[in-house]
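Enquirer: File name upload_35.cif; file contents mmCIF, C-alpha atoms; full text below.
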data_coords
#
loop_
_atom_site.group_PDB
_atom_site.id
_atom_site.type_symbol
_atom_site.label_atom_id
_atom_site.label_comp_id
_atom_site.auth_asym_id
_atom_site.auth_seq_id
_atom_site.Cartn_x
_atom_site.Cartn_y
_atom_site.Cartn_z
ATOM 1 C CA GLN G 3 18.484 -115.682 -64.223
ATOM 2 C CA VAL G 4 15.758 -116.402 -61.728
ATOM 3 C CA GLN G 5 14.690 -114.578 -58.595
ATOM 4 C CA LEU G 6 15.064 -116.651 -55.438
ATOM 5 C CA VAL G 7 13.512 -116.148 -52.009
ATOM 6 C CA GLU G 8 14.436 -118.361 -49.074
ATOM 7 C CA SER G 9 12.341 -118.940 -45.982
ATOM 8 C CA GLY G 10 12.191 -121.260 -43.008
ATOM 9 C CA GLY G 11 15.227 -120.244 -41.030
ATOM 10 C CA GLY G 12 15.122 -119.737 -37.290
ATOM 11 C CA LEU G 13 16.411 -120.796 -33.912
ATOM 12 C CA VAL G 14 16.438 -124.464 -32.997
ATOM 13 C CA GLN G 15 18.065 -126.572 -30.318
ATOM 14 C CA ALA G 16 20.776 -129.052 -31.147
ATOM 15 C CA GLY G 17 19.241 -132.275 -32.391
ATOM 16 C CA GLY G 18 16.227 -130.478 -33.773
ATOM 17 C CA SER G 19 14.983 -130.035 -37.320
ATOM 18 C CA LEU G 20 14.167 -127.250 -39.721
ATOM 19 C CA ARG G 21 12.967 -127.150 -43.305
ATOM 20 C CA LEU G 22 14.117 -124.393 -45.575
ATOM 21 C CA SER G 23 12.269 -123.429 -48.719
ATOM 22 C CA CYS G 24 13.423 -121.510 -51.758
ATOM 23 C CA ALA G 25 10.810 -120.148 -54.124
ATOM 24 C CA ALA G 26 11.900 -119.243 -57.632
ATOM 25 C CA SER G 27 10.342 -116.985 -60.190
ATOM 26 C CA GLY G 28 10.215 -117.649 -63.909
ATOM 27 C CA ARG G 29 9.017 -120.412 -66.184
ATOM 28 C CA THR G 30 12.359 -122.114 -66.683
ATOM 29 C CA PHE G 31 12.881 -123.398 -63.136
ATOM 30 C CA GLY G 32 12.976 -126.961 -64.396
ATOM 31 C CA THR G 33 16.137 -126.242 -66.392
ATOM 32 C CA TYR G 34 18.152 -125.116 -63.372
ATOM 33 C CA ALA G 35 20.187 -127.181 -60.965
ATOM 34 C CA MET G 36 19.540 -125.833 -57.484
ATOM 35 C CA GLY G 37 21.977 -125.635 -54.641
ATOM 36 C CA TRP G 38 22.169 -124.651 -51.015
ATOM 37 C CA PHE G 39 25.231 -122.950 -49.629
ATOM 38 C CA ARG G 40 25.921 -121.555 -46.182
ATOM 39 C CA GLN G 41 28.143 -118.997 -44.557
ATOM 40 C CA ALA G 42 28.929 -119.086 -40.868
ATOM 41 C CA PRO G 43 30.108 -115.980 -39.016
ATOM 42 C CA GLY G 44 33.722 -115.250 -39.836
ATOM 43 C CA LYS G 45 33.941 -118.061 -42.374
ATOM 44 C CA GLU G 46 33.788 -118.369 -46.110
ATOM 45 C CA ARG G 47 30.686 -119.520 -47.900
ATOM 46 C CA GLU G 48 30.611 -123.283 -48.345
ATOM 47 C CA PHE G 49 28.702 -125.744 -50.465
ATOM 48 C CA VAL G 50 26.006 -127.783 -48.744
ATOM 49 C CA VAL G 51 24.044 -129.687 -51.380
ATOM 50 C CA VAL G 52 22.925 -129.570 -55.007
ATOM 51 C CA ILE G 53 20.049 -131.180 -56.877
ATOM 52 C CA SER G 54 19.846 -131.605 -60.637
ATOM 53 C CA ALA G 55 17.219 -129.937 -62.799
ATOM 54 C CA SER G 56 14.984 -133.010 -62.843
ATOM 55 C CA GLY G 57 15.596 -133.819 -59.197
ATOM 56 C CA GLY G 58 17.030 -137.174 -60.116
ATOM 57 C CA ARG G 59 20.563 -136.488 -58.942
ATOM 58 C CA THR G 60 21.905 -135.001 -55.739
ATOM 59 C CA ALA G 61 25.282 -134.361 -54.154
ATOM 60 C CA TYR G 62 25.941 -133.506 -50.510
ATOM 61 C CA ALA G 63 28.812 -132.100 -48.541
ATOM 62 C CA ASP G 64 30.240 -134.725 -46.210
ATOM 63 C CA SER G 65 29.400 -132.571 -43.203
ATOM 64 C CA VAL G 66 25.647 -132.850 -43.828
ATOM 65 C CA LYS G 67 25.364 -136.251 -45.485
ATOM 66 C CA GLY G 68 22.786 -138.409 -43.746
ATOM 67 C CA ARG G 69 21.270 -135.445 -41.900
ATOM 68 C CA PHE G 70 20.113 -133.071 -44.652
ATOM 69 C CA THR G 71 17.847 -133.890 -47.583
ATOM 70 C CA ILE G 72 17.258 -131.727 -50.617
ATOM 71 C CA SER G 73 14.163 -132.019 -52.785
ATOM 72 C CA ARG G 74 12.378 -129.966 -55.369
ATOM 73 C CA ASP G 75 8.905 -129.513 -56.767
ATOM 74 C CA ASN G 76 9.212 -128.182 -60.303
ATOM 75 C CA ALA G 77 5.454 -127.637 -60.524
ATOM 76 C CA LYS G 78 5.730 -125.208 -57.601
ATOM 77 C CA ASN G 79 9.096 -123.708 -58.587
ATOM 78 C CA THR G 80 10.396 -124.559 -55.139
ATOM 79 C CA VAL G 81 13.366 -126.362 -53.674
ATOM 80 C CA TYR G 82 13.493 -127.587 -50.097
ATOM 81 C CA LEU G 83 16.194 -128.435 -47.600
ATOM 82 C CA GLN G 84 15.136 -130.704 -44.760
ATOM 83 C CA MET G 85 17.686 -130.446 -41.970
ATOM 84 C CA ASN G 86 17.620 -133.027 -39.196
ATOM 85 C CA SER G 87 19.899 -133.721 -36.241
ATOM 86 C CA LEU G 88 21.103 -130.159 -36.340
ATOM 87 C CA LYS G 89 24.365 -129.257 -34.661
ATOM 88 C CA PRO G 90 25.663 -125.910 -33.403
ATOM 89 C CA GLU G 91 28.211 -125.976 -36.217
ATOM 90 C CA ASP G 92 25.323 -125.845 -38.700
ATOM 91 C CA THR G 93 24.664 -122.277 -37.583
ATOM 92 C CA ALA G 94 24.955 -120.067 -40.652
ATOM 93 C CA VAL G 95 23.131 -117.998 -43.193
ATOM 94 C CA TYR G 96 21.809 -120.421 -45.780
ATOM 95 C CA TYR G 97 21.621 -119.337 -49.394
ATOM 96 C CA CYS G 98 19.697 -120.853 -52.239
ATOM 97 C CA ALA G 99 21.307 -120.651 -55.677
ATOM 98 C CA ALA G 100 20.406 -121.601 -59.238
ATOM 99 C CA ALA G 101 22.660 -122.849 -62.019
ATOM 100 C CA PRO G 102 21.409 -123.053 -65.615
ATOM 101 C CA THR G 103 22.259 -126.469 -67.033
ATOM 102 C CA SER G 104 21.979 -128.172 -70.400
ATOM 103 C CA PHE G 105 22.257 -131.620 -68.870
ATOM 104 C CA ASP G 106 20.760 -133.201 -65.760
ATOM 105 C CA THR G 107 23.982 -132.832 -63.828
ATOM 106 C CA VAL G 108 25.175 -132.033 -60.328
ATOM 107 C CA ILE G 109 28.798 -131.653 -61.393
ATOM 108 C CA LEU G 110 29.009 -127.916 -60.943
ATOM 109 C CA THR G 111 31.262 -125.274 -59.504
ATOM 110 C CA THR G 112 30.177 -122.278 -57.492
ATOM 111 C CA GLU G 113 30.766 -120.133 -60.570
ATOM 112 C CA ASN G 114 28.008 -122.030 -62.406
ATOM 113 C CA PHE G 115 25.408 -120.603 -60.027
ATOM 114 C CA ASP G 116 24.279 -117.266 -61.456
ATOM 115 C CA SER G 117 21.278 -116.514 -59.259
ATOM 116 C CA TRP G 118 21.325 -116.235 -55.464
ATOM 117 C CA GLY G 119 18.741 -115.599 -52.793
ATOM 118 C CA GLN G 120 19.115 -113.158 -49.941
ATOM 119 C CA GLY G 121 19.753 -115.875 -47.381
ATOM 120 C CA THR G 122 17.967 -117.125 -44.291
ATOM 121 C CA LEU G 123 19.585 -117.426 -40.877
ATOM 122 C CA VAL G 124 19.713 -120.766 -39.108
ATOM 123 C CA THR G 125 20.870 -120.727 -35.504
ATOM 124 C CA VAL G 126 21.400 -123.968 -33.616
ATOM 125 C CA SER G 127 21.809 -123.645 -29.869
ATOM 126 C CA SER G 128 23.683 -126.182 -27.786
#
What's the structure tokens form of this structure?

Expert:
Amino acid sequence: QVQLVESGGGLVQAGGSLRLSCAASGRTFGTYAMGWFRQAPGKEREFVVVISASGGRTAYADSVKGRFTISRDNAKNTVYLQMNSLKPEDTAVYYCAAAPTSFDTVILTTENFDSWGQGTLVTVSS
């Protein structure tokens, strides 16, 4: 497992942008697929996006496709989530998660993610 710490959340107006960061500990970061999930008040946690260990593959939830971009810097043990054109329905606690992988895949289930951050709150006002 790795230790994950998210940052970058905050309050933004609809149409605005935020960039979340997730810093990971450990020397094996480059072997983990990294994902972002979110949980809105009163709702279940949902998948947002995942990036493969190398960064060469990504998969997005339809609700954020074209607005959010995930990237990673394996030299810095950090994954980023650039969020543009934010909507009030994007309001949630955003969690970073890590999934150990043997292949450079993004075909994963939530159960594959064995390390989770504490979450960072994103609030989008209308």

Enquirer: Mind checking which residues fall within 12 Å of Thr93 (chain G), counting all atoms listed in the file, ignoring those fewer than 4 positions away in the same chain, and posting them as a short mmCIF file (atom, residue, chain, number, x, y, z; two decimals) with C-alpha atoms, keeping the file's coordinate frame?

Expert:
data_model
loop_
_atom_site.label_atom_id
_atom_site.label_comp_id
_atom_site.auth_asym_id
_atom_site.auth_seq_id
_atom_site.Cartn_x
_atom_site.Cartn_y
_atom_site.Cartn_z
CA GLY G 11 15.23 -120.24 -41.03
CA GLY G 12 15.12 -119.74 -37.29
CA LEU G 13 16.41 -120.80 -33.91
CA VAL G 14 16.44 -124.46 -33.00
CA GLN G 15 18.07 -126.57 -30.32
CA ALA G 16 20.78 -129.05 -31.15
CA LEU G 20 14.17 -127.25 -39.72
CA ARG G 40 25.92 -121.56 -46.18
CA GLN G 41 28.14 -119.00 -44.56
CA ALA G 42 28.93 -119.09 -40.87
CA PRO G 43 30.11 -115.98 -39.02
CA GLY G 44 33.72 -115.25 -39.84
CA LYS G 45 33.94 -118.06 -42.37
CA MET G 85 17.69 -130.45 -41.97
CA LEU G 88 21.10 -130.16 -36.34
CA LYS G 89 24.36 -129.26 -34.66
CA THR G 122 17.97 -117.12 -44.29
CA LEU G 123 19.58 -117.43 -40.88
CA VAL G 124 19.71 -120.77 -39.11
CA THR G 125 20.87 -120.73 -35.50
CA VAL G 126 21.40 -123.97 -33.62
CA SER G 127 21.81 -123.64 -29.87
CA SER G 128 23.68 -126.18 -27.79
#

Enquirer: Given the PyMOL selection byres ((chain G and resi 29) around 10) and the file above, list the residues it selects as an MDAnalysis selection string.

Expert: chainID G and resid 4 26:28 30:33 76:77 79

Enquirer: With the file shown as input, list the residues that the PyMOL selection byres ((chain G and resi 75) around 12) selects, as a VMD selection string.

Expert: chain G and resid 23 to 26 31 to 32 36 53 to 58 72 to 74 76 to 83

Enquirer: Got time to write the residues from that selection, C-alpha atoms, as a PDB file, in the coordinates of the input?

Expert:
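File again26.pdb, as written:
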ATOM      1  CA  SER G  23      12.269-123.429 -48.719  1.00  0.00           C
ATOM      2  CA  CYS G  24      13.423-121.510 -51.758  1.00  0.00           C
ATOM      3  CA  ALA G  25      10.810-120.148 -54.124  1.00  0.00           C
ATOM      4  CA  ALA G  26      11.900-119.243 -57.632  1.00  0.00           C
ATOM      5  CA  PHE G  31      12.881-123.398 -63.136  1.00  0.00           C
ATOM      6  CA  GLY G  32      12.976-126.961 -64.396  1.00  0.00           C
ATOM      7  CA  MET G  36      19.540-125.833 -57.484  1.00  0.00           C
ATOM      8  CA  ILE G  53      20.049-131.180 -56.877  1.00  0.00           C
ATOM      9  CA  SER G  54      19.846-131.605 -60.637  1.00  0.00           C
ATOM     10  CA  ALA G  55      17.219-129.937 -62.799  1.00  0.00           C
ATOM     11  CA  SER G  56      14.984-133.010 -62.843  1.00  0.00           C
ATOM     12  CA  GLY G  57      15.596-133.819 -59.197  1.00  0.00           C
ATOM     13  CA  GLY G  58      17.030-137.174 -60.116  1.00  0.00           C
ATOM     14  CA  ILE G  72      17.258-131.727 -50.617  1.00  0.00           C
ATOM     15  CA  SER G  73      14.163-132.019 -52.785  1.00  0.00           C
ATOM     16  CA  ARG G  74      12.378-129.966 -55.369  1.00  0.00           C
ATOM     17  CA  ASN G  76       9.212-128.182 -60.303  1.00  0.00           C
ATOM     18  CA  ALA G  77       5.454-127.637 -60.524  1.00  0.00           C
ATOM     19  CA  LYS G  78       5.730-125.208 -57.601  1.00  0.00           C
ATOM     20  CA  ASN G  79       9.096-123.708 -58.587  1.00  0.00           C
ATOM     21  CA  THR G  80      10.396-124.559 -55.139  1.00  0.00           C
ATOM     22  CA  VAL G  81      13.366-126.362 -53.674  1.00  0.00           C
ATOM     23  CA  TYR G  82      13.493-127.587 -50.097  1.00  0.00           C
ATOM     24  CA  LEU G  83      16.194-128.435 -47.600  1.00  0.00           C
TER      25      LEU G  83
END

Enquirer: Can you list what the PyMOL selection byres ((chain G and resi 112) around 12) grabs from this structure, as an MDAnalysis selection string?

Expert: chainID G and resid 35:39 47:52 98:102 108:111 113:118

Enquirer: Box along x, y and z, 5 Å on every side, all listed atoms of region 8-22 of chain G inside: centre and edge lengths in Å to one decimal, as JSON.

Expert:
{"center_x": 16.5, "center_y": -125.3, "center_z": -39.7, "size_x": 18.6, "size_y": 23.9, "size_z": 28.8}

Enquirer: Which distance in Å separates CA of Lys67 (chain G) and CA of Glu46 (chain G), to one decimal?

Expert: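 Between CA of Lys67 (chain G) and CA of Glu46 (chain G) the gap is 19.8 Å.
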
Enquirer: Kindly give the distance, in Å, that separates CA of Arg21 (chain G) and CA of Gln84 (chain G), rounded to a single decimal.

Expert: 4.4 Å

Enquirer: Pick out the closest residue to Gln3 (chain G) from this set: G:Ser87, G:Thr103, G:Thr71, G:Ser19. Count all atoms listed in the file.

Expert: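 Selected residue with least distance to Gln3 (chain G): G:Thr103.
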
Enquirer: Mind giving me the straight-line distance from CA of Tyr34 (chain G) to CA of Asp106 (chain G) in Å, one decimal?

Expert: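 For CA of Tyr34 (chain G) relative to CA of Asp106 (chain G), the distance reads 8.8 Å.
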
Enquirer: Ranking G:Gly121, G:Thr107, G:Arg59, G:Ala94 by minimum distance to Ser9 (chain G) and counting all atoms listed in the file, which one comes first?

Expert: G:Gly121

Enquirer: Since the input is missing atoms, can you rebuild all heavy atoms for region 63-74 of chain G and write them as a PDB file, in the frame of the given file?

Expert:
ATOM      1  N   ALA G  63      27.558-132.256 -49.257  1.00  0.00           N
ATOM      2  CA  ALA G  63      28.812-132.100 -48.541  1.00  0.00           C
ATOM      3  C   ALA G  63      28.890-133.187 -47.467  1.00  0.00           C
ATOM      4  O   ALA G  63      27.856-133.583 -46.900  1.00  0.00           O
ATOM      5  CB  ALA G  63      28.888-130.720 -47.892  1.00  0.00           C
ATOM      6  N   ASP G  64      30.088-133.657 -47.199  1.00  0.00           N
ATOM      7  CA  ASP G  64      30.240-134.725 -46.210  1.00  0.00           C
ATOM      8  C   ASP G  64      29.699-134.317 -44.844  1.00  0.00           C
ATOM      9  O   ASP G  64      29.186-135.148 -44.098  1.00  0.00           O
ATOM     10  CB  ASP G  64      31.720-135.106 -46.083  1.00  0.00           C
ATOM     11  CG  ASP G  64      32.233-135.862 -47.293  1.00  0.00           C
ATOM     12  OD1 ASP G  64      31.416-136.382 -48.078  1.00  0.00           O
ATOM     13  OD2 ASP G  64      33.464-135.934 -47.466  1.00  0.00           O
ATOM     14  N   SER G  65      29.795-133.050 -44.536  1.00  0.00           N
ATOM     15  CA  SER G  65      29.400-132.571 -43.203  1.00  0.00           C
ATOM     16  C   SER G  65      27.896-132.675 -42.952  1.00  0.00           C
ATOM     17  O   SER G  65      27.468-132.641 -41.793  1.00  0.00           O
ATOM     18  CB  SER G  65      29.846-131.123 -43.015  1.00  0.00           C
ATOM     19  OG  SER G  65      29.283-130.294 -44.019  1.00  0.00           O
ATOM     20  N   VAL G  66      27.103-132.799 -44.005  1.00  0.00           N
ATOM     21  CA  VAL G  66      25.647-132.850 -43.828  1.00  0.00           C
ATOM     22  C   VAL G  66      25.042-134.159 -44.337  1.00  0.00           C
ATOM     23  O   VAL G  66      23.835-134.382 -44.169  1.00  0.00           O
ATOM     24  CB  VAL G  66      24.950-131.671 -44.541  1.00  0.00           C
ATOM     25  CG1 VAL G  66      25.535-130.344 -44.073  1.00  0.00           C
ATOM     26  CG2 VAL G  66      25.022-131.797 -46.057  1.00  0.00           C
ATOM     27  N   LYS G  67      25.859-135.004 -44.923  1.00  0.00           N
ATOM     28  CA  LYS G  67      25.364-136.251 -45.485  1.00  0.00           C
ATOM     29  C   LYS G  67      24.712-137.093 -44.400  1.00  0.00           C
ATOM     30  O   LYS G  67      25.256-137.269 -43.311  1.00  0.00           O
ATOM     31  CB  LYS G  67      26.529-137.003 -46.135  1.00  0.00           C
ATOM     32  CG  LYS G  67      26.148-137.972 -47.218  1.00  0.00           C
ATOM     33  CD  LYS G  67      27.375-138.499 -47.937  1.00  0.00           C
ATOM     34  CE  LYS G  67      28.066-137.431 -48.751  1.00  0.00           C
ATOM     35  NZ  LYS G  67      29.222-137.949 -49.523  1.00  0.00           N
ATOM     36  N   GLY G  68      23.513-137.591 -44.700  1.00  0.00           N
ATOM     37  CA  GLY G  68      22.786-138.409 -43.746  1.00  0.00           C
ATOM     38  C   GLY G  68      21.907-137.611 -42.805  1.00  0.00           C
ATOM     39  O   GLY G  68      21.072-138.182 -42.099  1.00  0.00           O
ATOM     40  N   ARG G  69      22.086-136.295 -42.779  1.00  0.00           N
ATOM     41  CA  ARG G  69      21.270-135.445 -41.900  1.00  0.00           C
ATOM     42  C   ARG G  69      20.382-134.494 -42.694  1.00  0.00           C
ATOM     43  O   ARG G  69      19.270-134.180 -42.259  1.00  0.00           O
ATOM     44  CB  ARG G  69      22.179-134.632 -40.972  1.00  0.00           C
ATOM     45  CG  ARG G  69      23.048-135.451 -40.068  1.00  0.00           C
ATOM     46  CD  ARG G  69      23.788-134.569 -39.060  1.00  0.00           C
ATOM     47  NE  ARG G  69      24.677-133.604 -39.692  1.00  0.00           N
ATOM     48  CZ  ARG G  69      24.580-132.290 -39.539  1.00  0.00           C
ATOM     49  NH1 ARG G  69      23.634-131.763 -38.777  1.00  0.00           N
ATOM     50  NH2 ARG G  69      25.442-131.469 -40.153  1.00  0.00           N
ATOM     51  N   PHE G  70      20.867-134.026 -43.819  1.00  0.00           N
ATOM     52  CA  PHE G  70      20.113-133.071 -44.652  1.00  0.00           C
ATOM     53  C   PHE G  70      19.591-133.789 -45.895  1.00  0.00           C
ATOM     54  O   PHE G  70      20.248-134.691 -46.432  1.00  0.00           O
ATOM     55  CB  PHE G  70      21.007-131.921 -45.098  1.00  0.00           C
ATOM     56  CG  PHE G  70      21.418-130.963 -44.010  1.00  0.00           C
ATOM     57  CD1 PHE G  70      21.205-131.225 -42.661  1.00  0.00           C
ATOM     58  CD2 PHE G  70      22.025-129.762 -44.350  1.00  0.00           C
ATOM     59  CE1 PHE G  70      21.603-130.337 -41.672  1.00  0.00           C
ATOM     60  CE2 PHE G  70      22.428-128.849 -43.381  1.00  0.00           C
ATOM     61  CZ  PHE G  70      22.207-129.148 -42.037  1.00  0.00           C
ATOM     62  N   THR G  71      18.429-133.341 -46.352  1.00  0.00           N
ATOM     63  CA  THR G  71      17.847-133.890 -47.583  1.00  0.00           C
ATOM     64  C   THR G  71      17.320-132.747 -48.442  1.00  0.00           C
ATOM     65  O   THR G  71      16.524-131.924 -47.961  1.00  0.00           O
ATOM     66  CB  THR G  71      16.698-134.853 -47.272  1.00  0.00           C
ATOM     67  OG1 THR G  71      17.172-135.914 -46.437  1.00  0.00           O
ATOM     68  CG2 THR G  71      16.142-135.445 -48.561  1.00  0.00           C
ATOM     69  N   ILE G  72      17.748-132.722 -49.679  1.00  0.00           N
ATOM     70  CA  ILE G  72      17.258-131.727 -50.617  1.00  0.00           C
ATOM     71  C   ILE G  72      16.190-132.356 -51.498  1.00  0.00           C
ATOM     72  O   ILE G  72      16.253-133.543 -51.823  1.00  0.00           O
ATOM     73  CB  ILE G  72      18.407-131.147 -51.477  1.00  0.00           C
ATOM     74  CG1 ILE G  72      17.932-129.924 -52.268  1.00  0.00           C
ATOM     75  CG2 ILE G  72      18.993-132.213 -52.407  1.00  0.00           C
ATOM     76  CD1 ILE G  72      19.055-129.180 -52.980  1.00  0.00           C
ATOM     77  N   SER G  73      15.199-131.563 -51.857  1.00  0.00           N
ATOM     78  CA  SER G  73      14.163-132.019 -52.785  1.00  0.00           C
ATOM     79  C   SER G  73      13.654-130.795 -53.539  1.00  0.00           C
ATOM     80  O   SER G  73      13.930-129.658 -53.168  1.00  0.00           O
ATOM     81  CB  SER G  73      13.023-132.717 -52.038  1.00  0.00           C
ATOM     82  OG  SER G  73      12.403-131.817 -51.126  1.00  0.00           O
ATOM     83  N   ARG G  74      12.935-131.075 -54.596  1.00  0.00           N
ATOM     84  CA  ARG G  74      12.378-129.966 -55.369  1.00  0.00           C
ATOM     85  C   ARG G  74      11.034-130.351 -55.926  1.00  0.00           C
ATOM     86  O   ARG G  74      10.759-131.529 -56.175  1.00  0.00           O
ATOM     87  CB  ARG G  74      13.330-129.541 -56.490  1.00  0.00           C
ATOM     88  CG  ARG G  74      13.543-130.572 -57.577  1.00  0.00           C
ATOM     89  CD  ARG G  74      14.661-130.138 -58.537  1.00  0.00           C
ATOM     90  NE  ARG G  74      14.302-128.928 -59.273  1.00  0.00           N
ATOM     91  CZ  ARG G  74      15.195-128.156 -59.898  1.00  0.00           C
ATOM     92  NH1 ARG G  74      16.489-128.467 -59.862  1.00  0.00           N
ATOM     93  NH2 ARG G  74      14.803-127.070 -60.564  1.00  0.00           N
TER      94      ARG G  74
END
